[in-house]
Structures are given as C-alpha cells and as structure tokens.
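Engineer: structure_26.cif (mmCIF, C-alpha atoms) pasted underneath:
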data_structure
loop_
_atom_site.label_atom_id
_atom_site.label_comp_id
_atom_site.auth_asym_id
_atom_site.auth_seq_id
_atom_site.Cartn_x
_atom_site.Cartn_y
_atom_site.Cartn_z
CA GLY A 1 -10.28 27.84 -3.18
CA PHE A 2 -8.84 24.42 -3.91
CA ARG A 3 -7.87 23.36 -7.41
CA TYR A 4 -6.36 20.28 -8.98
CA HIS A 5 -4.64 18.94 -12.07
CA THR A 6 -4.70 15.38 -13.41
CA MET A 7 -1.64 13.69 -14.88
CA GLY A 8 -0.15 10.34 -15.72
CA TRP A 9 -3.30 8.84 -17.21
CA ALA A 10 -3.28 5.18 -18.13
CA GLY A 11 -2.64 4.96 -21.85
CA GLN A 12 -0.81 8.27 -22.16
CA ALA A 13 2.68 8.18 -23.64
CA MET A 14 5.39 8.66 -21.02
CA SER A 15 8.77 10.36 -21.42
CA ASP A 16 10.48 7.03 -22.08
CA GLY A 17 8.10 6.17 -24.92
CA PHE A 18 6.10 3.53 -23.07
CA ARG A 19 2.39 3.86 -22.43
CA GLY A 20 1.34 4.60 -18.86
CA PRO A 21 -0.11 1.50 -17.20
CA GLY A 22 -3.37 1.43 -15.25
CA ARG A 23 -4.54 0.15 -11.86
CA VAL A 24 -2.66 2.93 -10.07
CA ASP A 25 -2.29 2.13 -6.37
CA GLY A 26 0.22 3.09 -3.65
CA MET A 27 2.55 6.06 -4.18
CA GLY A 28 5.11 8.12 -2.31
CA VAL A 29 7.36 11.18 -2.69
CA VAL A 30 11.00 10.06 -2.88
CA ALA A 31 12.79 13.30 -3.82
CA ALA A 32 12.19 17.03 -4.11
CA GLY A 33 14.16 20.15 -4.98
CA ASN A 34 14.01 23.21 -7.23
CA ASP A 35 10.21 22.99 -7.26
CA ARG A 36 10.37 19.46 -8.70
CA VAL A 37 8.63 16.68 -6.76
CA THR A 38 9.48 13.08 -7.68
CA MET A 39 6.97 10.33 -6.91
CA VAL A 40 7.03 6.58 -7.47
CA ARG A 41 3.64 4.89 -7.88
CA ASN A 42 2.60 1.24 -7.98
CA HIS A 43 0.57 -0.56 -10.63
CA GLU A 44 -1.47 -3.50 -9.38
CA LEU A 45 -1.27 -5.47 -12.61
CA ARG A 46 -1.30 -9.23 -13.18
CA GLY A 47 -0.79 -11.56 -16.12
CA SER A 48 2.33 -13.04 -17.69
CA ALA A 49 1.99 -11.74 -21.24
CA GLY A 50 4.98 -9.47 -20.76
CA PRO A 51 6.08 -6.39 -18.77
CA PHE A 52 4.77 -2.92 -19.51
CA GLY A 53 8.30 -1.56 -19.96
CA ASP A 54 11.63 -2.72 -21.34
CA PRO A 55 11.83 -6.54 -21.10
CA SER A 56 15.61 -6.37 -20.64
CA THR A 57 15.16 -4.59 -17.29
CA ALA A 58 12.25 -6.74 -16.05
CA TRP A 59 12.27 -9.19 -13.14
CA ASP A 60 9.83 -11.52 -14.93
CA VAL A 61 7.26 -11.57 -17.71
CA THR A 62 4.51 -10.45 -15.32
CA GLY A 63 2.66 -7.17 -15.72
CA GLY A 64 3.16 -5.26 -12.45
CA GLY A 65 5.68 -2.63 -11.45
CA THR A 66 6.09 1.08 -10.82
CA THR A 67 6.26 4.34 -12.75
CA THR A 68 7.97 7.55 -11.66
CA LEU A 69 6.37 10.99 -12.04
CA VAL A 70 8.25 14.29 -11.76
CA PHE A 71 5.92 17.23 -11.05
CA ASP A 72 6.96 20.85 -11.50
CA ALA A 73 5.19 22.64 -8.65
CA SER A 74 5.90 26.17 -9.90
CA ALA A 75 4.62 25.47 -13.41
CA GLU A 76 1.91 23.13 -12.06
CA ARG A 77 2.54 20.44 -14.63
CA LEU A 78 4.00 16.97 -15.12
CA ASP A 79 7.59 17.32 -16.32
CA GLU A 80 8.66 13.72 -16.72
CA SER A 81 7.35 10.15 -16.37
CA PHE A 82 8.93 6.76 -16.94
CA VAL A 83 8.95 3.07 -15.99
CA SER A 84 10.98 2.53 -12.80
CA LEU A 85 10.28 -1.14 -11.91
CA ASN A 86 9.22 -3.79 -14.38
CA GLY A 87 8.00 -7.37 -14.53
CA THR A 88 6.73 -7.78 -10.98
CA LEU A 89 3.26 -8.94 -9.89
CA ASN A 90 0.28 -7.09 -8.43
CA ASN A 91 2.24 -4.23 -6.89
CA CYS A 92 -0.28 -2.86 -4.44
CA ALA A 93 1.15 -0.43 -1.91
CA GLY A 94 4.52 0.09 -0.26
CA GLY A 95 6.28 2.92 1.52
CA VAL A 96 8.95 5.61 1.31
CA THR A 97 12.26 5.07 3.09
CA PRO A 98 14.12 7.81 5.02
CA TRP A 99 17.00 7.42 2.55
CA GLY A 100 14.84 8.34 -0.45
CA THR A 101 13.70 5.11 -2.09
CA TRP A 102 10.33 3.44 -2.56
CA LEU A 103 9.52 -0.03 -1.24
CA SER A 104 7.17 -1.59 -3.79
CA CYS A 105 5.24 -4.56 -2.40
CA GLU A 106 3.84 -7.50 -4.36
CA GLU A 107 0.38 -8.52 -3.19
CA ALA A 108 0.52 -12.13 -4.37
CA VAL A 109 2.49 -15.30 -3.76
CA PHE A 110 3.65 -17.31 -6.75
CA ASP A 111 6.27 -20.06 -6.97
CA PRO A 112 6.72 -21.67 -10.40
CA GLU A 113 8.24 -24.80 -8.86
CA SER A 114 5.18 -25.58 -6.71
CA ALA A 115 2.37 -24.05 -8.78
CA HIS A 116 1.37 -27.53 -9.98
CA LEU A 117 0.35 -28.37 -6.39
CA GLY A 118 -2.74 -26.18 -6.66
CA ILE A 119 -2.20 -22.50 -7.30
CA GLU A 120 -4.25 -20.29 -5.02
CA LEU A 121 -4.27 -17.44 -7.50
CA ARG A 122 -6.51 -19.32 -9.93
CA GLN A 123 -4.55 -19.29 -13.17
CA SER A 124 -7.63 -18.67 -15.32
CA GLN A 125 -8.20 -15.32 -13.58
CA TRP A 126 -4.64 -14.14 -12.94
CA LYS A 127 -3.21 -15.51 -16.20
CA ILE A 128 0.28 -15.97 -14.82
CA GLN A 129 0.91 -19.49 -16.09
CA ASP A 130 4.02 -18.30 -17.95
CA ALA A 131 5.67 -16.58 -14.98
CA GLY A 132 9.15 -17.99 -14.54
CA ARG A 133 10.25 -16.49 -11.22
CA PRO A 134 8.83 -16.44 -7.67
CA HIS A 135 6.73 -13.52 -6.46
CA GLY A 136 5.41 -12.14 -3.18
CA TYR A 137 8.35 -9.91 -2.32
CA VAL A 138 9.43 -6.34 -1.59
CA PHE A 139 11.48 -4.49 -4.22
CA GLU A 140 13.41 -1.29 -3.45
CA VAL A 141 13.10 1.39 -6.16
CA PRO A 142 15.36 4.48 -6.33
CA PRO A 143 13.95 7.74 -7.73
CA MET A 144 15.33 7.17 -11.24
CA GLY A 145 14.34 3.52 -11.35
CA VAL A 146 16.07 0.15 -11.23
CA THR A 147 17.55 -1.64 -14.23
CA ASP A 148 18.33 -4.91 -12.42
CA PRO A 149 15.41 -5.51 -10.05
CA GLN A 150 16.11 -7.86 -7.16
CA PRO A 151 13.64 -8.80 -4.42
CA ILE A 152 14.54 -8.77 -0.72
CA PRO A 153 13.58 -12.35 0.26
CA GLU A 154 14.23 -11.94 3.98
CA MET A 155 11.46 -9.34 4.15
CA GLY A 156 9.09 -12.25 3.50
CA GLN A 157 7.24 -13.92 0.67
CA PHE A 158 3.60 -13.18 1.44
CA TRP A 159 0.65 -11.05 0.31
CA HIS A 160 2.44 -7.77 0.97
CA GLU A 161 0.47 -4.55 1.15
CA ALA A 162 2.11 -1.47 2.69
CA ALA A 163 5.35 -0.62 4.49
CA ALA A 164 6.45 2.13 6.89
CA VAL A 165 10.01 2.71 8.10
CA ASP A 166 11.12 3.87 11.55
CA PRO A 167 13.66 6.60 10.66
CA ASP A 168 15.61 6.09 13.90
CA SER A 169 16.12 2.32 13.80
CA GLY A 170 15.52 1.50 10.14
CA VAL A 171 12.97 -1.16 11.14
CA VAL A 172 10.29 -1.69 8.49
CA TYR A 173 6.68 -2.37 9.51
CA MET A 174 4.59 -4.22 6.92
CA THR A 175 0.95 -5.16 6.47
CA GLU A 176 -0.50 -8.26 4.80
CA ASP A 177 -3.71 -8.18 2.76
CA ARG A 178 -5.25 -11.58 3.37
CA SER A 179 -8.62 -12.80 4.58
CA PRO A 180 -9.65 -14.22 6.88
CA LEU A 181 -6.33 -13.93 8.78
CA ALA A 182 -3.33 -11.72 8.04
CA GLY A 183 -0.34 -10.55 10.02
CA LEU A 184 1.35 -7.29 10.94
CA TYR A 185 5.11 -7.77 10.53
CA ARG A 186 8.35 -5.98 11.25
CA TYR A 187 11.68 -6.46 9.51
CA ILE A 188 14.75 -5.71 11.62
CA PRO A 189 17.66 -5.16 9.22
CA LYS A 190 21.17 -6.18 10.16
CA VAL A 191 22.32 -2.79 8.89
CA SER A 192 19.98 0.19 9.08
CA GLY A 193 19.31 1.54 5.60
CA GLN A 194 20.62 -1.58 3.87
CA LEU A 195 17.59 -3.84 3.66
CA SER A 196 19.11 -6.24 1.15
CA ALA A 197 21.93 -7.05 3.60
CA GLY A 198 19.56 -9.31 5.51
CA GLY A 199 17.62 -9.17 8.74
CA LYS A 200 14.97 -10.78 10.92
CA LEU A 201 11.23 -10.99 10.17
CA GLN A 202 8.74 -11.01 13.04
CA MET A 203 4.95 -11.00 13.45
CA LEU A 204 2.95 -9.04 16.01
CA ARG A 205 1.49 -10.96 18.95
CA VAL A 206 -1.23 -9.56 21.23
CA PRO A 207 -1.32 -11.91 24.23
CA ASP A 208 -4.74 -13.51 24.86
CA HIS A 209 -5.96 -12.18 21.50
CA PRO A 210 -5.19 -14.70 18.75
CA HIS A 211 -7.60 -12.79 16.48
CA LEU A 212 -8.31 -9.07 16.20
CA ASP A 213 -10.31 -9.27 13.01
CA GLU A 214 -13.74 -8.33 14.39
CA ASP A 215 -13.77 -8.04 18.18
CA ALA A 216 -11.42 -5.12 18.88
CA VAL A 217 -12.70 -2.52 21.34
CA LEU A 218 -12.26 1.19 20.68
CA PHE A 219 -9.51 2.92 22.68
CA ARG A 220 -8.66 -0.17 24.75
CA ARG A 221 -4.89 -0.53 25.01
CA LEU A 222 -3.53 -4.05 24.70
CA PRO A 223 0.11 -5.03 25.35
CA VAL A 224 2.05 -6.49 22.43
CA GLU A 225 4.99 -8.80 21.78
CA TRP A 226 6.73 -10.14 18.66
CA VAL A 227 7.30 -13.69 17.45
CA ASP A 228 9.98 -14.80 14.99
CA ILE A 229 9.25 -16.07 11.47
CA ASP A 230 11.74 -18.92 11.10
CA ASP A 231 11.60 -19.10 7.29
CA PRO A 232 10.47 -15.82 5.68
CA THR A 233 11.00 -17.29 2.20
CA LEU A 234 8.43 -20.07 2.75
CA GLY A 235 5.64 -18.49 0.73
CA ASN A 236 3.50 -21.65 0.68
CA ASN A 237 2.89 -24.32 3.26
CA PRO A 238 4.82 -27.51 2.43
CA GLY A 239 3.18 -29.62 -0.26
CA THR A 240 0.83 -26.81 -1.33
CA HIS A 241 0.67 -23.58 -3.26
CA ASP A 242 -1.64 -21.85 -0.77
CA GLY A 243 0.19 -18.53 -0.25
CA LYS A 244 0.03 -18.99 3.53
CA GLY A 245 3.51 -20.16 4.42
CA VAL A 246 4.58 -17.05 6.34
CA VAL A 247 1.30 -16.23 8.09
CA THR A 248 0.92 -19.86 9.19
CA GLN A 249 4.35 -19.75 10.84
CA GLY A 250 3.39 -16.58 12.67
CA LEU A 251 0.02 -17.84 13.87
CA GLU A 252 1.49 -21.14 15.05
CA ALA A 253 4.10 -19.20 17.04
CA GLY A 254 1.32 -17.27 18.79
CA GLY A 255 1.01 -14.26 16.49
CA THR A 256 -2.27 -12.37 16.18
CA GLY A 257 -4.42 -12.62 13.07
CA PHE A 258 -6.10 -9.57 11.55
CA ARG A 259 -8.22 -9.27 8.40
CA ALA A 260 -7.21 -7.56 5.14
CA LEU A 261 -4.52 -5.23 6.45
CA GLU A 262 -3.88 -2.33 4.10
CA GLY A 263 -2.28 1.07 4.70
CA CYS A 264 0.62 1.69 7.07
CA ALA A 265 2.14 4.98 8.31
CA PHE A 266 4.80 5.90 10.87
CA ARG A 267 4.72 9.01 13.09
CA ASP A 268 6.18 9.92 16.49
CA ARG A 269 7.29 6.38 17.38
CA GLN A 270 3.86 5.02 16.45
CA VAL A 271 2.66 2.84 13.59
CA PHE A 272 -0.83 3.39 12.20
CA PHE A 273 -2.41 0.72 10.02
CA THR A 274 -5.78 -0.14 8.55
CA SER A 275 -7.87 -3.30 8.30
CA LYS A 276 -10.09 -2.73 5.30
CA ASN A 277 -12.72 -5.31 6.28
CA GLY A 278 -12.16 -5.35 10.02
CA GLY A 279 -14.98 -5.26 12.55
CA ALA A 280 -18.26 -7.07 13.05
CA ARG A 281 -19.75 -5.09 10.14
CA LYS A 282 -16.64 -5.73 8.00
CA ALA A 283 -16.51 -1.99 7.27
CA GLY A 284 -12.99 -1.29 8.49
CA TYR A 285 -10.64 -0.61 11.41
CA ILE A 286 -7.79 1.85 11.97
CA PHE A 287 -5.23 0.79 14.60
CA LYS A 288 -2.32 2.48 16.36
CA LEU A 289 0.75 0.56 17.53
CA ASP A 290 2.85 2.41 20.10
CA ILE A 291 6.46 1.25 19.81
CA GLU A 292 7.78 2.97 22.92
CA GLN A 293 5.08 1.69 25.28
CA SER A 294 4.41 -1.61 23.44
CA TYR A 295 0.66 -1.49 23.08
CA ILE A 296 -1.94 -1.55 20.32
CA GLU A 297 -5.13 0.51 20.29
CA LEU A 298 -8.15 0.67 17.97
CA LEU A 299 -8.69 4.32 16.95
CA TYR A 300 -11.58 4.04 14.52
CA GLU A 301 -14.23 1.55 13.41
CA ALA A 302 -16.33 2.31 10.35
CA PRO A 303 -19.97 2.20 11.48
CA ALA A 304 -21.52 0.38 8.52
CA ARG A 305 -20.96 -0.58 4.90
CA GLY A 306 -23.49 2.04 3.83
CA GLY A 307 -21.27 4.96 4.86
CA PHE A 308 -17.52 5.47 4.72
CA ALA A 309 -16.01 1.99 4.55
CA GLY A 310 -12.85 0.21 3.55
CA PRO A 311 -10.02 2.40 4.92
CA ASP A 312 -7.05 1.62 2.70
CA ASN A 313 -3.87 3.65 2.02
CA ILE A 314 -3.02 6.17 4.76
CA ILE A 315 -0.48 8.94 5.33
CA PHE A 316 -0.04 11.83 7.75
CA SER A 317 -0.46 15.31 6.33
CA PRO A 318 2.09 18.00 7.26
CA ARG A 319 -0.68 19.57 9.35
CA GLY A 320 -1.27 16.54 11.57
CA SER A 321 -4.31 14.65 10.25
CA LEU A 322 -4.22 11.06 9.12
CA VAL A 323 -5.35 11.04 5.48
CA VAL A 324 -7.41 7.95 4.64
CA CYS A 325 -8.12 6.64 1.13
CA GLU A 326 -11.49 4.92 0.84
CA ASP A 327 -11.83 1.56 -0.90
CA ARG A 328 -15.47 0.66 -0.46
CA GLY A 329 -15.34 -1.90 -3.25
CA TYR A 330 -16.78 -1.86 -6.71
CA GLY A 331 -20.40 -2.50 -5.72
CA SER A 332 -21.00 1.18 -4.94
CA ARG A 333 -21.54 3.97 -7.43
CA GLU A 334 -21.75 6.76 -4.85
CA GLY A 335 -18.30 8.24 -5.42
CA GLN A 336 -15.58 7.38 -2.93
CA TYR A 337 -13.77 9.73 -0.54
CA LEU A 338 -10.43 11.03 0.58
CA ALA A 339 -10.99 11.61 4.29
CA GLY A 340 -9.15 12.87 7.34
CA LEU A 341 -8.99 11.34 10.82
CA ASN A 342 -8.18 13.77 13.63
CA ALA A 343 -6.55 13.14 16.99
CA THR A 344 -9.89 12.41 18.69
CA GLY A 345 -10.87 9.70 16.23
CA GLU A 346 -13.30 11.80 14.19
CA LEU A 347 -13.46 11.16 10.46
CA TYR A 348 -14.30 13.99 8.04
CA ALA A 349 -14.57 14.31 4.27
CA PHE A 350 -12.03 16.20 2.19
CA ALA A 351 -12.52 15.19 -1.47
CA ARG A 352 -14.83 12.91 -3.39
CA VAL A 353 -15.02 11.41 -6.85
CA ASN A 354 -18.09 12.99 -8.45
CA PRO A 355 -20.68 10.16 -8.52
CA ALA A 356 -22.28 11.73 -11.61
CA ILE A 357 -19.04 11.78 -13.60
CA SER A 358 -19.46 10.68 -17.20
CA GLY A 359 -17.78 10.88 -20.57
CA VAL A 360 -14.83 9.24 -22.28
CA PHE A 361 -11.21 10.39 -21.97
CA LEU A 362 -8.27 8.63 -23.64
CA GLY A 363 -10.64 5.76 -24.31
CA HIS A 364 -11.68 5.42 -20.64
CA ASP A 365 -15.38 5.36 -19.79
CA LEU A 366 -15.22 7.44 -16.61
CA ALA A 367 -18.71 6.47 -15.45
CA ALA A 368 -17.67 2.82 -15.50
CA THR A 369 -14.28 3.33 -13.85
CA ALA A 370 -13.70 6.53 -11.86
CA ALA A 371 -17.26 6.63 -10.53
CA VAL A 372 -16.79 3.32 -8.77
CA SER A 373 -13.03 3.50 -8.12
CA GLU A 374 -11.08 3.67 -4.90
CA TRP A 375 -8.62 6.40 -3.95
CA ALA A 376 -5.02 5.34 -3.39
CA GLY A 377 -1.47 6.56 -2.82
CA ALA A 378 -2.09 9.87 -1.07
CA CYS A 379 1.15 11.76 -0.35
CA PHE A 380 2.40 15.35 0.04
CA SER A 381 5.14 17.58 -1.29
CA PRO A 382 7.71 18.35 1.43
CA ASP A 383 6.45 21.94 1.77
CA GLY A 384 2.91 20.65 2.32
CA GLN A 385 1.41 22.73 -0.48
CA TRP A 386 0.53 19.85 -2.81
CA MET A 387 -1.34 16.67 -2.10
CA PHE A 388 -1.03 13.91 -4.68
CA ALA A 389 -3.52 11.04 -4.86
CA ASN A 390 -4.46 8.37 -7.36
CA ILE A 391 -7.81 7.29 -8.72
CA TYR A 392 -7.19 3.58 -9.14
CA GLN A 393 -9.28 3.13 -12.27
CA PRO A 394 -8.94 4.14 -15.00
CA GLY A 395 -5.56 5.09 -13.51
CA VAL A 396 -4.73 8.76 -13.00
CA THR A 397 -2.87 10.93 -10.48
CA CYS A 398 -4.39 14.13 -9.07
CA ALA A 399 -2.28 17.06 -7.83
CA ILE A 400 -4.33 19.13 -5.37
CA THR A 401 -3.50 22.50 -3.81
CA GLY A 402 -5.36 25.25 -2.00
CA PRO A 403 -5.92 27.03 1.32
CA TRP A 404 -4.64 24.35 3.72
CA LYS A 405 -5.27 24.98 7.42
CA ASP A 406 -3.42 23.84 10.52
CA GLY A 407 -5.00 20.84 12.18
CA LEU A 408 -6.81 19.78 9.03
CA ILE A 409 -5.57 17.94 5.96
#
As a first step, turn the structure in this file into structure tokens.
Structural biologist:
Amino acid sequence: GFRYHTMGWAGQAMSDGFRGPGRVDGMGVVAAGNDRVTMVRNHELRGSAGPFGDPSTAWDVTGGGTTTLVFDASAERLDESFVSLNGTLNNCAGGVTPWGTWLSCEEAVFDPESAHLGIELRQSQWKIQDAGRPHGYVFEVPPMGVTDPQPIPEMGQFWHEAAAVDPDSGVVYMTEDRSPLAGLYRYIPKVSGQLSAGGKLQMLRVPDHPHLDEDAVLFRRLPVEWVDIDDPTLGNNPGTHDGKGVVTQGLEAGGTGFRALEGCAFRDRQVFFTSKNGGARKAGYIFKLDIEQSYIELLYEAPARGGFAGPDNIIFSPRGSLVVCEDRGYGSREGQYLAGLNATGELYAFARVNPAISGVFLGHDLAATAAVSEWAGACFSPDGQWMFANIYQPGVTCAITGPWKDGLI
C-alpha cells in the first residue's frame, strides 16, 4: 500500500532557472502549512570552478551548498525548487533548528592562507586550488534561502557532519566525520536561538575511555563530561594544513575519540548519533547520549560488513522508531536500505534501492549510480504522512506515503 514520487533530480531545471545539483545528502523540513512542506537539502560538492547558483550570493567559488524544495502534499507534486545556499564546500549533513532554519555543515577544512603548508584535501582530487575563503563551518539557512551567507566560526572549523538542537536550551550537538579519531561536540550559545551571537564549543569526554572507536560494549552505560575547545577557529594544527586543529585540542584536553561520526538526532533529552565505521568489524555503531543523567550507551553494532552496515543520517519518525540511512560504501551493488531501529535495539528493513535497477534518466545511468548509492536526509512532514529521503547519486529526492503504523516507521 505504499507509494512514492521522485523529484528534484540532479540536472533538472529548478524554479529559479538553475540546474539542480547532484550528490544530495542531508535534508530537513523547515516549514509547513496549507499542505506545503518546505525542505532544505545539502549537496556534497567540491571544486572551485564556481558555485552552482548565482555568484553574487555565493560565499566562495566552491561548488557546495543547499537547495530548497517545496512539496504540495495534497497534489503530491513538487511545487517549487531553488538555490538557498551557494559557494560552500562539501555540505554533507546538518540539522533543523526549533526556530525553523537549517544548519548546513561543511565536511572539509580549508584555509587559503595555510594551504601551501600541505593541504590534507589533496588538491588534485578536490580541485579547490582557487578557493579564496576558509571552509569547515556551519551556515544557517532560512526556508527561502540566504543572499549573504556567513559562517558561524565559534561553532568550530572542522570536518562537520550533522547537528541536532536541544529545543529547551538551544544547545547544538554536532558530529565530526573523521578517521581514525573524531569528536562529538556541543555548542552552547550565549543567546538561545541566536547562534551567530557567539558561544562556547566543547567536546565529549568519557572518563577512562580515550577511544570509543571499536571497543564499546552494548548497553553498558558510561558517565560523561565535557572539555572546552579553547580556539574553535583553529581548523589546522599550527604550521600545518592537516584539518585536525579542533579535534587535537579536544583530545589533548581529555576528550574521547570516535571514528567517522555521522548522523545526529535529538529526542526526549537524549542525543542519538552514529559512527559509520565504528566497531571491531568497522560496520557501524549507534550511540545514545543521555543529557539528564550524563551517560553514553551503545544501542546497536552492525554485525558485519556483509549485512546492513554504515549507519549514516538518522531521524526519529513521528511513530517512535529511529530511521537509519545506510551508507555501505560504493563497493556493494546489492541495493542499500532505509531501516528502522526500535526501542529494544532491533534493526528492520523498510525500503531498499532495487539492486537490479537499470536504464538512463536525465542522462543518469541508474545502474552505475542509484544501484550503489547510499540513502541520505530522511525526514517527515509534520503530520507524519510523508517521509522524504534522498538517493545520494545520481541525486534525487523520494516522497513516500502509505499505511504507517504506530511503533514502526
């Protein structure tokens, strides 16, 4: 009884006249009303050959950013689409704020003034030699877009992945996608709801556990603390361009290192986050951080790379399950999954990319892209009747509806 529509394909003309970009990653619903659902989605694009939208509204000449989609739920169609953030770098995931904006996170560190010291990003691959501004920041995007994009430096210059906001305090929890060691951070704003007004950046510390990248134990609760990051704008260690300036500060202060942190979601005073390559088998972890009781707990460990692996973007459904987007990597052609994790730590399948998909659409060879692609950016309409999720390559958004049931997705 389920059905779906696809929309916002890479290469399709958008309402503003620009072509829709590809590499569609994190996404969130920022507004809704009169059957119209507004989403902002990230594009994990690199290069410095120019922005995909209007250069006059771009942060830099780099290729990343966001697009906004407006879906008419009653007509079941895409009503509007346009560029909403322009000229950023490798925008991977992010998070929705309680005040109705999208935090778009750059998953890369670049500083033009120190790039000559040995750029970690490997210029030949990333092709960002012509970038003129620093990167590795969080940008806040309103529903209708931003014409003068400005990063929030005090939220840190590091390999940002996802963000989740505590609606009561306004504190933002953020993941870092680095290997071998990455941090889980929180940003405590001076003024709740005004992130650009400044604040304090901290990194999670689990006493007696300097690393939780592969030796976490299921359902064992460990107490947590937080350590300050003295200079959140230090994206690189002094004298280098290594992209490790923030995480090094945290680790040296006693913070705990994880591996390849990805999705992040907030619910009932708890933060849930994923480690895509965590565990002895490097197949993935899902953690819970309890804010009220100050402990961390491992909820799920993927059993092996041959099955479900690489938990990435996550969000809670209106019916209580944690929805998990699979990113198994591009070595598999088995068709990746959207899955659900229930309260007892059991993972179950919901949707899958057909592994036998073939054909060409809008110039995209679906067998070479969708068949091996990850899912990303799962989110829901406020009434819970529509799930939206992206297929990263070739870059398309799916709108899914059907006979939802309580307790399931």
Engineer: One decimal, in Å: what's the spacing between atom CA of A:Gly345 and atom CA of A:Gly384?
Structural biologist: 22.4 Å
Engineer: Of the candidates A:Ile128, A:Phe110, A:Met39, A:Asn313, which shows the shortest atom-to-atom distance to A:Thr175, using all atoms listed in the file?
Structural biologist: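 Between A:Ile128, A:Phe110, A:Met39, A:Asn313, the residue approaching A:Thr175 most closely is A:Asn313.
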Engineer: Please determine, counting all atoms listed in the file, which residue among A:Leu184, A:Ala343, A:Leu201, A:Leu85 has the shortest atom-to-atom distance to A:Arg319.
Structural biologist: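 Of all the options, A:Ala343 lies closest to A:Arg319.
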Engineer: Please indicate the distance in Å from atom CA of A:Asp327 to atom CA of A:Gly183, rounded to one decimal place.
Structural biologist: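 According to the coordinates, atom CA of A:Asp327 and atom CA of A:Gly183 are separated by 19.9 Å.
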Engineer: Could I get the residues of stretch 293-409 of chain A with an atom no further than 10 Å from an atom of stretch 267-273 of chain A, each paired with its nearest atom pair and that distance in Å to one decimal, using only C-alpha atoms, sorted by chain and residue number, as JSON lines?
Structural biologist:
{"residue": "A:Gln293", "atom": "CA", "partner": "A:Arg269", "partner_atom": "CA", "distance": 9.4}
{"residue": "A:Ser294", "atom": "CA", "partner": "A:Gln270", "partner_atom": "CA", "distance": 9.6}
{"residue": "A:Tyr295", "atom": "CA", "partner": "A:Gln270", "partner_atom": "CA", "distance": 9.8}
{"residue": "A:Ile296", "atom": "CA", "partner": "A:Val271", "partner_atom": "CA", "distance": 9.3}
{"residue": "A:Glu297", "atom": "CA", "partner": "A:Phe272", "partner_atom": "CA", "distance": 9.6}
{"residue": "A:Leu298", "atom": "CA", "partner": "A:Phe272", "partner_atom": "CA", "distance": 9.7}
{"residue": "A:Leu299", "atom": "CA", "partner": "A:Phe272", "partner_atom": "CA", "distance": 9.2}
{"residue": "A:Pro311", "atom": "CA", "partner": "A:Phe273", "partner_atom": "CA", "distance": 9.3}
{"residue": "A:Asp312", "atom": "CA", "partner": "A:Phe273", "partner_atom": "CA", "distance": 8.7}
{"residue": "A:Asn313", "atom": "CA", "partner": "A:Phe273", "partner_atom": "CA", "distance": 8.6}
{"residue": "A:Ile314", "atom": "CA", "partner": "A:Phe273", "partner_atom": "CA", "distance": 7.6}
{"residue": "A:Ile315", "atom": "CA", "partner": "A:Phe272", "partner_atom": "CA", "distance": 8.8}
{"residue": "A:Phe316", "atom": "CA", "partner": "A:Arg267", "partner_atom": "CA", "distance": 7.7}
{"residue": "A:Gly320", "atom": "CA", "partner": "A:Arg267", "partner_atom": "CA", "distance": 9.7}
{"residue": "A:Leu322", "atom": "CA", "partner": "A:Phe272", "partner_atom": "CA", "distance": 8.9}
Engineer: The residues within 9 Å of (-13.3, -1.2, 11.4), using only C-alpha atoms and the coordinates of the file, should be reported as JSON, numbers by chain; which are they?
Structural biologist: {"A": [213, 214, 216, 274, 275, 276, 277, 278, 279, 280, 281, 282, 283, 284, 285, 286, 287, 298, 300, 301, 302, 303, 304, 309, 310, 311]}
Engineer: Hey, which bits of stretch 158-206 of chain A sit within 12 Å of stretch 88-106 of chain A, and for each residue what's the closest pair of atoms and how far apart in Å (one decimal), counting only C-alpha atoms, rows by chain and increasing number, as CSV?
Structural biologist:
residue,atom,partner,partner_atom,distance
A:Phe158,CA,A:Glu106,CA,8.1
A:Trp159,CA,A:Glu106,CA,6.7
A:His160,CA,A:Cys105,CA,5.4
A:Glu161,CA,A:Ala93,CA,5.2
A:Ala162,CA,A:Gly94,CA,4.1
A:Ala163,CA,A:Gly95,CA,4.7
A:Ala164,CA,A:Gly95,CA,5.4
A:Val165,CA,A:Thr97,CA,6.0
A:Asp166,CA,A:Pro98,CA,8.2
A:Pro167,CA,A:Pro98,CA,5.8
A:Asp168,CA,A:Pro98,CA,9.2
A:Ser169,CA,A:Pro98,CA,10.5
A:Gly170,CA,A:Pro98,CA,8.2
A:Val171,CA,A:Thr97,CA,10.2
A:Val172,CA,A:Thr97,CA,8.9
A:Tyr173,CA,A:Gly95,CA,9.6
A:Met174,CA,A:Gly94,CA,8.4
A:Thr175,CA,A:Gly94,CA,9.3
A:Glu176,CA,A:Cys105,CA,9.9
A:Asp177,CA,A:Cys92,CA,9.6
A:Ser192,CA,A:Trp99,CA,10.2
A:Gly193,CA,A:Trp99,CA,7.0
A:Gln194,CA,A:Trp99,CA,9.8
A:Leu195,CA,A:Leu103,CA,10.2
A:Ser196,CA,A:Leu103,CA,11.7
Engineer: Spell out the residues picked by the PyMOL selection byres ((chain A and resi 152) around 6) here, as a PDB file with C-alpha atoms, in the frame of the given file.
Structural biologist:
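The resulting file, out00.pdb, is shown below:
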ATOM      1  CA  VAL A 138       9.430  -6.340  -1.590  1.00  0.00           C
ATOM      2  CA  PRO A 151      13.640  -8.800  -4.420  1.00  0.00           C
ATOM      3  CA  PRO A 153      13.580 -12.350   0.260  1.00  0.00           C
ATOM      4  CA  GLU A 154      14.230 -11.940   3.980  1.00  0.00           C
ATOM      5  CA  MET A 155      11.460  -9.340   4.150  1.00  0.00           C
ATOM      6  CA  SER A 196      19.110  -6.240   1.150  1.00  0.00           C
TER       7      SER A 196
END
Engineer: Mind telling me what the PyMOL selection byres ((chain A and resi 347) around 10) catches here, as a ChimeraX atom specification?
Structural biologist: /A:300,302,308,321-324,339-346,348-350
Engineer: Compare A:Lys244, A:Thr256, A:Ala371, A:Gly20 by their minimum atom-to-atom distance to A:Asp208, counting only C-alpha atoms, and give me the closest one.
Structural biologist: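 Ranked by minimum distance to A:Asp208, first place goes to A:Thr256.
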Engineer: Select, from A:Trp404, A:Tyr392, A:Phe52, A:Trp226, the residue with the minimum atom-to-atom distance to A:Pro207, counting only C-alpha atoms.
Structural biologist: A:Trp226
Engineer: Please write as a list in words the full residue list that the PyMOL selection byres ((chain A and resi 58) around 8) yields on this file.
Structural biologist: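 After applying the PyMOL selection byres ((chain A and resi 58) around 8), what remains is Pro51, Gly53, Asp54, Pro55, Ser56, Thr57, Trp59, Asp60, Val61, Leu85, Asn86, Gly87, Thr88, Thr147, Asp148 and Pro149 of chain A.
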